[in-house]
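Undergrad: Next comes the structure file coords01.tsv, holding TSV, C-alpha atoms.
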chain	number	residue	atom	x	y	z
A	1	MET	CA	-77.92	15.52	95.06
A	2	ASP	CA	-75.44	14.88	92.24
A	3	THR	CA	-73.24	11.97	93.33
A	4	THR	CA	-71.28	11.97	90.06
A	5	ARG	CA	-69.55	15.29	90.82
A	6	ALA	CA	-67.43	16.14	93.83
A	7	SER	CA	-68.57	18.85	96.21
A	8	VAL	CA	-66.30	20.95	98.41
A	9	PRO	CA	-68.12	20.11	101.68
A	10	ARG	CA	-68.04	16.37	100.94
A	11	VAL	CA	-64.34	16.47	100.00
A	12	TYR	CA	-63.60	18.19	103.32
A	13	ASP	CA	-65.69	15.54	105.05
A	14	ALA	CA	-63.68	12.78	103.34
A	15	LEU	CA	-60.38	14.41	104.33
A	16	LEU	CA	-61.57	14.65	107.93
A	17	GLY	CA	-62.50	10.96	107.99
A	18	GLY	CA	-66.26	11.50	107.82
A	19	LYS	CA	-68.83	9.22	106.27
A	20	ASP	CA	-71.01	11.73	104.40
A	21	ASN	CA	-69.18	11.51	101.09
A	22	PHE	CA	-69.08	9.47	97.90
A	23	GLN	CA	-66.39	7.78	95.84
A	24	VAL	CA	-66.03	10.83	93.60
A	25	ASP	CA	-65.18	12.90	96.71
A	26	ARG	CA	-62.74	10.27	97.97
A	27	ASP	CA	-61.04	10.30	94.56
A	28	VAL	CA	-60.43	14.04	94.95
A	29	ARG	CA	-59.11	13.42	98.46
A	30	ALA	CA	-56.66	10.88	97.03
A	31	ARG	CA	-55.38	13.40	94.48
A	32	PHE	CA	-54.82	16.01	97.18
A	33	LEU	CA	-52.91	13.51	99.30
A	34	GLU	CA	-50.77	12.63	96.29
A	35	LEU	CA	-49.81	16.30	96.02
A	36	ASP	CA	-49.08	16.56	99.72
A	37	PRO	CA	-49.40	13.65	102.17
A	38	GLU	CA	-49.95	16.29	104.89
A	39	PHE	CA	-52.85	17.96	103.08
A	40	LEU	CA	-55.11	17.23	106.06
A	41	ARG	CA	-53.15	19.77	108.12
A	42	ALA	CA	-54.29	22.51	105.73
A	43	VAL	CA	-57.92	21.40	106.11
A	44	LEU	CA	-57.56	21.44	109.90
A	45	ASP	CA	-56.09	24.94	109.70
A	46	ARG	CA	-59.34	26.18	108.17
A	47	ARG	CA	-61.47	24.58	110.87
A	48	ASP	CA	-59.18	25.64	113.73
A	49	PHE	CA	-59.00	29.21	112.41
A	50	MET	CA	-62.79	29.45	112.53
A	51	MET	CA	-62.92	28.01	116.04
A	52	ARG	CA	-60.30	30.44	117.37
A	53	VAL	CA	-62.02	33.39	115.72
A	54	THR	CA	-65.40	32.35	117.14
A	55	ARG	CA	-64.00	31.97	120.65
A	56	TYR	CA	-62.53	35.45	120.43
A	57	LEU	CA	-65.59	37.14	118.93
A	58	ALA	CA	-68.13	35.50	121.24
A	59	GLY	CA	-66.03	35.22	124.38
A	60	GLU	CA	-63.85	38.34	124.35
A	61	LEU	CA	-65.84	40.81	122.24
A	62	GLY	CA	-69.36	39.73	123.15
A	63	ILE	CA	-70.60	39.29	119.57
A	64	SER	CA	-73.87	37.35	119.66
A	65	GLN	CA	-74.93	37.25	115.99
A	66	PHE	CA	-73.18	35.06	113.41
A	67	LEU	CA	-73.74	34.46	109.69
A	68	ASP	CA	-71.69	31.61	108.19
A	69	LEU	CA	-71.68	31.67	104.39
A	70	GLY	CA	-70.72	28.49	102.58
A	71	ALA	CA	-71.26	26.17	105.52
A	72	THR	CA	-69.67	22.71	105.51
A	73	LEU	CA	-71.00	19.39	106.76
A	74	PRO	CA	-71.30	19.13	110.56
A	75	GLU	CA	-68.00	18.36	112.28
A	76	ALA	CA	-66.93	17.23	115.75
A	77	GLU	CA	-67.39	20.81	116.90
A	78	ASN	CA	-69.15	23.55	114.97
A	79	THR	CA	-69.08	27.32	115.14
A	80	HIS	CA	-72.55	27.64	116.68
A	81	GLU	CA	-71.56	25.25	119.48
A	82	VAL	CA	-68.46	27.30	120.27
A	83	ALA	CA	-70.38	30.59	120.22
A	84	GLN	CA	-73.29	29.31	122.28
A	85	ARG	CA	-71.04	27.69	124.85
A	86	LEU	CA	-69.58	31.13	125.53
A	87	ASN	CA	-72.86	33.02	125.12
A	88	ARG	CA	-76.07	30.99	125.28
A	89	GLU	CA	-77.96	33.79	123.53
A	90	SER	CA	-75.79	33.68	120.40
A	91	ALA	CA	-77.78	33.37	117.17
A	92	MET	CA	-76.18	31.53	114.23
A	93	VAL	CA	-77.43	31.21	110.67
A	94	TYR	CA	-75.62	28.88	108.26
A	95	VAL	CA	-76.00	29.42	104.51
A	96	SER	CA	-75.43	26.76	101.85
A	97	LEU	CA	-76.68	25.48	98.49
A	98	ASP	CA	-75.36	21.96	99.11
A	99	ARG	CA	-78.30	19.63	99.74
A	100	GLY	CA	-76.22	17.31	101.91
A	101	VAL	CA	-75.04	20.16	104.11
A	102	LEU	CA	-78.60	21.45	104.43
A	103	ALA	CA	-80.05	18.06	105.33
A	104	HIS	CA	-77.39	17.11	107.88
A	105	GLY	CA	-77.25	20.63	109.28
A	106	ARG	CA	-81.00	20.86	109.80
A	107	ALA	CA	-80.96	17.51	111.59
A	108	LEU	CA	-78.14	18.71	113.85
A	109	VAL	CA	-79.85	21.95	114.86
A	110	ALA	CA	-83.46	20.74	114.87
A	111	ASP	CA	-83.77	21.26	118.63
A	112	ASN	CA	-81.72	24.46	118.74
A	113	ASP	CA	-83.94	27.52	118.36
A	114	ARG	CA	-80.89	29.82	118.17
A	115	THR	CA	-79.33	28.09	115.13
A	116	HIS	CA	-80.75	27.84	111.63
A	117	MET	CA	-79.88	26.52	108.16
A	118	VAL	CA	-80.74	28.58	105.07
A	119	GLU	CA	-80.72	27.53	101.44
A	120	ALA	CA	-79.36	30.53	99.55
A	121	ASP	CA	-76.56	31.52	97.18
A	122	PHE	CA	-73.79	33.40	99.00
A	123	ARG	CA	-72.83	34.99	95.66
A	124	LYS	CA	-76.08	36.96	95.85
A	125	PRO	CA	-75.86	39.13	98.98
A	126	ARG	CA	-79.39	40.50	98.76
A	127	GLN	CA	-80.82	36.99	98.44
A	128	VAL	CA	-79.04	36.06	101.68
A	129	ILE	CA	-79.67	39.25	103.63
A	130	GLU	CA	-83.35	39.42	102.67
A	131	HIS	CA	-84.01	35.70	103.23
A	132	PRO	CA	-86.90	35.43	105.72
A	133	THR	CA	-84.95	33.24	108.14
A	134	VAL	CA	-81.92	35.53	108.08
A	135	ALA	CA	-84.08	38.62	108.51
A	136	LYS	CA	-85.99	37.02	111.39
A	137	HIS	CA	-83.01	35.88	113.44
A	138	LEU	CA	-80.26	38.40	112.64
A	139	ASP	CA	-80.50	42.16	113.16
A	140	PHE	CA	-78.27	43.93	110.65
A	141	SER	CA	-78.67	47.20	112.56
A	142	GLN	CA	-76.58	45.66	115.36
A	143	PRO	CA	-72.99	44.33	115.32
A	144	MET	CA	-72.55	40.79	114.04
A	145	ALA	CA	-69.90	38.51	112.56
A	146	VAL	CA	-70.00	37.31	108.96
A	147	TYR	CA	-67.83	34.37	107.86
A	148	HIS	CA	-66.59	34.10	104.28
A	149	VAL	CA	-64.01	31.35	104.78
A	150	GLY	CA	-62.86	29.56	101.62
A	151	THR	CA	-65.86	30.76	99.63
A	152	MET	CA	-64.75	33.54	97.30
A	153	GLN	CA	-62.01	31.40	95.76
A	154	HIS	CA	-64.82	29.52	94.02
A	155	VAL	CA	-66.30	32.68	92.48
A	156	ARG	CA	-65.26	33.50	88.94
A	157	PRO	CA	-63.86	36.98	88.22
A	158	GLU	CA	-66.86	37.83	86.02
A	159	ARG	CA	-69.09	37.61	89.12
A	160	ASP	CA	-67.06	40.42	90.75
A	161	PRO	CA	-65.98	38.68	93.98
A	162	ALA	CA	-64.69	41.94	95.46
A	163	GLY	CA	-68.07	43.53	94.79
A	164	ILE	CA	-69.86	40.63	96.50
A	165	VAL	CA	-67.70	41.05	99.59
A	166	ALA	CA	-68.25	44.82	99.54
A	167	ASP	CA	-72.04	44.33	99.45
A	168	TYR	CA	-71.92	42.22	102.62
A	169	ILE	CA	-69.66	44.71	104.38
A	170	ASP	CA	-71.88	47.61	103.34
A	171	ALA	CA	-74.88	45.85	104.91
A	172	LEU	CA	-73.16	45.47	108.30
A	173	ALA	CA	-73.55	47.82	111.23
A	174	PRO	CA	-70.45	49.59	112.55
A	175	GLY	CA	-68.66	47.40	115.06
A	176	SER	CA	-69.36	44.25	113.04
A	177	TYR	CA	-66.65	41.76	112.09
A	178	PHE	CA	-65.87	40.12	108.76
A	179	VAL	CA	-63.99	36.80	108.86
A	180	PHE	CA	-62.26	35.94	105.61
A	181	ALA	CA	-59.97	33.27	104.16
A	182	HIS	CA	-58.83	32.64	100.59
A	183	LEU	CA	-56.28	30.49	98.76
A	184	ILE	CA	-53.33	32.55	97.58
A	185	ASP	CA	-51.39	32.61	94.36
A	186	PRO	CA	-47.85	32.91	95.81
A	187	VAL	CA	-46.35	34.32	92.62
A	188	GLU	CA	-43.10	35.29	94.34
A	189	ASP	CA	-42.35	31.64	95.27
A	190	GLU	CA	-42.00	29.40	92.22
A	191	GLU	CA	-42.32	26.08	94.07
A	192	LEU	CA	-45.33	27.16	96.12
A	193	SER	CA	-46.94	28.66	93.04
A	194	LYS	CA	-46.54	25.34	91.24
A	195	LEU	CA	-48.21	23.56	94.18
A	196	ALA	CA	-51.03	26.11	94.33
A	197	ASN	CA	-51.76	25.62	90.64
A	198	ALA	CA	-51.71	21.86	91.10
A	199	VAL	CA	-54.31	22.19	93.89
A	200	ARG	CA	-56.41	24.38	91.61
A	201	ASP	CA	-56.14	21.81	88.82
A	202	VAL	CA	-57.43	19.04	91.11
A	203	TYR	CA	-60.53	21.13	91.83
A	204	VAL	CA	-61.03	22.10	88.18
A	205	ASN	CA	-60.63	18.52	86.97
A	206	ALA	CA	-63.31	17.56	89.49
A	207	GLN	CA	-65.60	20.22	87.94
A	208	VAL	CA	-65.23	22.50	90.96
A	209	PRO	CA	-64.11	25.93	89.69
A	210	LEU	CA	-61.40	27.62	91.72
A	211	TRP	CA	-59.43	30.84	91.32
A	212	LEU	CA	-56.17	31.62	93.07
A	213	ARG	CA	-55.60	35.28	93.92
A	214	THR	CA	-52.53	37.25	94.93
A	215	ARG	CA	-52.06	38.77	98.38
A	216	GLU	CA	-52.77	42.19	96.88
A	217	GLU	CA	-56.07	40.98	95.39
A	218	ILE	CA	-57.12	39.41	98.70
A	219	GLU	CA	-56.17	42.55	100.62
A	220	GLY	CA	-58.24	44.55	98.14
A	221	MET	CA	-61.35	42.57	99.07
A	222	LEU	CA	-60.95	43.72	102.67
A	223	ALA	CA	-60.71	47.42	101.85
A	224	GLY	CA	-62.42	49.64	104.39
A	225	LEU	CA	-62.02	47.20	107.29
A	226	GLU	CA	-59.74	47.59	110.28
A	227	LEU	CA	-57.85	44.28	110.39
A	228	LEU	CA	-57.29	42.84	113.84
A	229	ASP	CA	-53.74	41.84	114.71
A	230	PRO	CA	-51.91	40.02	113.22
A	231	GLY	CA	-53.58	41.15	109.98
A	232	LEU	CA	-53.76	39.01	106.84
A	233	VAL	CA	-51.65	35.94	107.62
A	234	LEU	CA	-51.47	32.20	107.06
A	235	LEU	CA	-54.41	30.55	108.82
A	236	ALA	CA	-52.11	28.72	111.22
A	237	ASP	CA	-50.55	32.06	112.23
A	238	TRP	CA	-53.79	33.79	113.29
A	239	TRP	CA	-53.56	33.70	117.08
A	240	PRO	CA	-52.43	30.05	117.37
A	241	ASP	CA	-53.35	28.25	120.57
A	242	GLY	CA	-49.74	27.50	121.47
A	243	PRO	CA	-46.19	27.27	120.19
A	244	ARG	CA	-45.66	25.55	116.84
A	245	LEU	CA	-44.19	22.08	117.40
A	246	GLN	CA	-43.39	21.33	113.75
A	247	PRO	CA	-42.79	23.36	110.60
A	248	LEU	CA	-45.79	24.24	108.46
A	249	GLY	CA	-46.56	21.84	105.64
A	250	ARG	CA	-46.46	23.02	102.04
A	251	THR	CA	-50.21	23.34	101.52
A	252	GLN	CA	-50.56	25.09	104.88
A	253	ARG	CA	-48.76	27.99	103.21
A	254	LEU	CA	-51.47	28.46	100.59
A	255	ALA	CA	-54.35	29.96	102.59
A	256	LEU	CA	-54.49	33.44	104.08
A	257	GLY	CA	-57.00	34.62	106.64
A	258	ALA	CA	-57.96	37.79	108.47
A	259	VAL	CA	-60.62	39.28	110.72
A	260	GLY	CA	-61.69	42.83	109.94
A	261	ARG	CA	-63.78	45.25	111.97
A	262	LYS	CA	-66.15	47.66	110.26
A	263	PRO	CA	-65.46	51.11	111.71
Taking this structure as input, can you express it in the form of structure tokens?
TA:
Amino acid sequence: MDTTRASVPRVYDALLGGKDNFQVDRDVRARFLELDPEFLRAVLDRRDFMMRVTRYLAGELGISQFLDLGATLPEAENTHEVAQRLNRESAMVYVSLDRGVLAHGRALVADNDRTHMVEADFRKPRQVIEHPTVAKHLDFSQPMAVYHVGTMQHVRPERDPAGIVADYIDALAPGSYFVFAHLIDPVEDEELSKLANAVRDVYVNAQVPLWLRTREEIEGMLAGLELLDPGLVLLADWWPDGPRLQPLGRTQRLALGAVGRKP
């Protein structure tokens, strides 16, 4: 584990008040909070979006297979816990290359025979899909849910991020769901665009590559899917749990999310 470079999962952990992070991660947290003192609200939007989606897929639609690509460090509540509370037979496989995530995750699910941690590179769909643990516990001939939340923004254009997404979608059975979120380049709003580029610069200066993409580019990655209402929207606007009590913060306006069904 390289403690001289920040990692996305550890930065999230630092922002959420966790203890599984290092000074280099806390330094990145400090830079984000300098940009926007309410930056934590954007981080919570990501987590809450995933929880709401999981409740809907497992509870309302009866999905019982889940593949979470780019897993983060364990939090107060995790997607497998939400899914298995609603359906005890739900199978969850988390995928990560981060050694800290893998170690903490494996400890968390050691006694859970329906949840597994896999070391694989989400940028290589065949490596993930053909991994022995994935193949053993998930049946790609049956509907499932695949999460790509905040992952593809870290994939350089030369790696063909749209092609990576398409490979995962192609591997899914009809009736499967694809859960996606990505930071946006809000080119039509000068002030927001300036903030988005500042967020990107914090990542890049911490040696964490990040690419902003326009709404049109993000929509293009979801081609061929039937987007559930309300479509591709700000994370806080995807089926919120209740009325909004305060205006969205600036960085909350930088991440779009959607859930698509494979016809």
Undergrad: Step by step: start from the point (-69.7, 48.5, 102.9) in the file's coordinates, keep every protein, DNA or RNA residue that has an atom no farther than 12 Å from it, count only C-alpha atoms, and write the set as a ChimeraX atom specification.
TA: /A:125,162-174,176-178,221-225,261-263
Undergrad: Let's have the selection written as a PDB file, keeping the file's coordinate frame, with C-alpha atoms.
TA:
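This is the output file part16.pdb:
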ATOM      1  CA  PRO A 125     -75.860  39.130  98.980  1.00  0.00           C
ATOM      2  CA  ALA A 162     -64.690  41.940  95.460  1.00  0.00           C
ATOM      3  CA  GLY A 163     -68.070  43.530  94.790  1.00  0.00           C
ATOM      4  CA  ILE A 164     -69.860  40.630  96.500  1.00  0.00           C
ATOM      5  CA  VAL A 165     -67.700  41.050  99.590  1.00  0.00           C
ATOM      6  CA  ALA A 166     -68.250  44.820  99.540  1.00  0.00           C
ATOM      7  CA  ASP A 167     -72.040  44.330  99.450  1.00  0.00           C
ATOM      8  CA  TYR A 168     -71.920  42.220 102.620  1.00  0.00           C
ATOM      9  CA  ILE A 169     -69.660  44.710 104.380  1.00  0.00           C
ATOM     10  CA  ASP A 170     -71.880  47.610 103.340  1.00  0.00           C
ATOM     11  CA  ALA A 171     -74.880  45.850 104.910  1.00  0.00           C
ATOM     12  CA  LEU A 172     -73.160  45.470 108.300  1.00  0.00           C
ATOM     13  CA  ALA A 173     -73.550  47.820 111.230  1.00  0.00           C
ATOM     14  CA  PRO A 174     -70.450  49.590 112.550  1.00  0.00           C
ATOM     15  CA  SER A 176     -69.360  44.250 113.040  1.00  0.00           C
ATOM     16  CA  TYR A 177     -66.650  41.760 112.090  1.00  0.00           C
ATOM     17  CA  PHE A 178     -65.870  40.120 108.760  1.00  0.00           C
ATOM     18  CA  MET A 221     -61.350  42.570  99.070  1.00  0.00           C
ATOM     19  CA  LEU A 222     -60.950  43.720 102.670  1.00  0.00           C
ATOM     20  CA  ALA A 223     -60.710  47.420 101.850  1.00  0.00           C
ATOM     21  CA  GLY A 224     -62.420  49.640 104.390  1.00  0.00           C
ATOM     22  CA  LEU A 225     -62.020  47.200 107.290  1.00  0.00           C
ATOM     23  CA  ARG A 261     -63.780  45.250 111.970  1.00  0.00           C
ATOM     24  CA  LYS A 262     -66.150  47.660 110.260  1.00  0.00           C
ATOM     25  CA  PRO A 263     -65.460  51.110 111.710  1.00  0.00           C
TER      26      PRO A 263
END
Undergrad: What is the CA of Ser7 (chain A)-CA of Val149 (chain A) distance in Å, reported with one decimal?
TA: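 Computing it gives 15.8 Å between the two atoms.
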Undergrad: To one decimal place, how far is CA of Gln153 (chain A) from CA of Gly257 (chain A) in Å?
TA: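 Going from CA of Gln153 (chain A) over to CA of Gly257 (chain A) covers 12.4 Å.
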Undergrad: Hey, which of A:Val128, A:Ala30, A:Leu212, A:Leu227 ends up closest to Leu69 (chain A)? Count all atoms listed in the file.
TA: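 Distance minimum relative to Leu69 (chain A) lands on A:Val128.
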Undergrad: Any idea what's packed within 8 Å of Trp211 (chain A), counting all atoms listed in the file, ignoring anything in its chain fewer than 3 positions away? Could you give it as a ChimeraX atom specification?
TA: /A:153-156,200
